[in-house]
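Encoded as structure tokens, the structure appears first; notes follow it.
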Amino acid sequence: ILGGFPYETYCTYRGGTAGHVTPNIALIPTLKAAGYQISYIGSYEGIERKLIEEMGIPYYGISSGKLRRYFDPKNFSDPFRVLKGFHEAKKLLKKLKPDVVFSKGGFVTVPVVIAAKAEDSSNHHESDMTPGLANKLCIPSAVKVCCNFPETAKAHYGSKAYDGTPIRQELMKGDKEAGRQFVDLLLTTGIDGDRWKPWCSLCNDHIRQDSPGTS
């Protein structure tokens with residue numbers, strides 16, 4: 001994704017949910033095998049902390065605040081958390097001196113991207129068809145934007161990039177028959193899962209009616 005990774009020090013960061021973490025997890029084994037020094041920046045106690053530390057990657061937590069476009073009392077305090085996160089990210093980048101930083105999106109990335117802008121070293125990956133608010137704020141500062149869909153790259157970023165998504169190699173070695181011992185039908189939702197919960201419940205009800213004994 002980063003053109004062969006011609007760098008010595010690599011810093012990756014994300015925020016929000018595990019969906020932002022898994023592409024980084026897919027990249028890390030290849031980077032480690034190539035001898036690159038990797039550091040990871042995330043929220044203080046986000047879901048990614050345990051996942052990354054289990055891989056033996058140095059993890060650095062920073063303050064973060066969610067960028068909401070609806071009323072919430074936290075809207076008054078979160079801008080100060082973002083500002084604190086910016087100063088923490090700036091100190092970390094000065095300490096780590098990465099040759100490249102890779103943003104996977106989410107609200108934690110905003111202060112890091114802003115801090116990395118002066119170094120002109122930020123690369124960004126956009127997984128969704130339409131970028132969210134945090135990603136829209138990050139992308140103008142990116143040297144390169146990697147997208148999952150060619151339509152996204154064309155519509156939002158011109159000729160910046162289209163690369164697809166990093167995939168863990170373990171997924172390429174799966175056994176579908178072994179998987180069917182656990183589940184016959186897997187129904188998933190993407191981002192904003194709460195929005196789709198009613199539809200998922202409706203689908204579950206129909207599946208249970210058509211297939212008695214289904215859990």
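By order of appearance in the structure tokens: chains A, B, ..., then residues from 1 within every chain, and ligands from 1 in the order shown.
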
Practice problem: For stretch 108-116 of chain A, work out the shell of residues within 9 Å, counting only C-alpha atoms and skipping chain neighbours fewer than 4 positions away, then give it as a ChimeraX atom specification. | Solution: /A:13-16,41-43,62-66,82-91,93,101,103-104,120-123,134-135,137-139,141-142

Practice problem: DSSP on the backbone, then: every residue of stretch 4-177 of chain A marked helix (DSSP H, G or I), written as a ChimeraX atom specification. | Solution: /A:18-20,22-33,47-53,73-76,78-96,109-119,133-141,150-157,169-173,176-177

Quiz item: How far is it from atom CA of A:Pro140 to atom CA of A:Val100, in Å with one decimal?
Solution: 16.1 Å

Quiz prompt | For atom CA of A:Pro131 and atom CA of A:Gly105, the interatomic separation in Å (one decimal) | solution = 9.2 Å

Practice problem: Please provide the set of residues having any atom within 8 Å of stretch 167-177 of chain A, restricted to only C-alpha atoms, with same-chain residues fewer than 3 positions apart removed, written as a list in words. | Solution: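 Contacts, in chain order: Pro23, Ile25, Ala26, Leu27, Arg180 and Gln181 of chain A.
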
Export of the given selection (C-alpha atoms) as an mmCIF file, in the first residue's frame:
data_model
loop_
_atom_site.group_PDB
_atom_site.id
_atom_site.type_symbol
_atom_site.label_atom_id
_atom_site.label_comp_id
_atom_site.auth_asym_id
_atom_site.auth_seq_id
_atom_site.Cartn_x
_atom_site.Cartn_y
_atom_site.Cartn_z
ATOM 1 C CA PRO A 23 -6.262 -3.559 8.390
ATOM 2 C CA ILE A 25 -3.030 -5.902 11.972
ATOM 3 C CA ALA A 26 -2.926 -7.266 8.414
ATOM 4 C CA LEU A 27 -0.010 -4.957 7.534
ATOM 5 C CA ARG A 180 -20.129 -24.434 8.391
ATOM 6 C CA GLN A 181 -19.812 -26.541 11.513
#
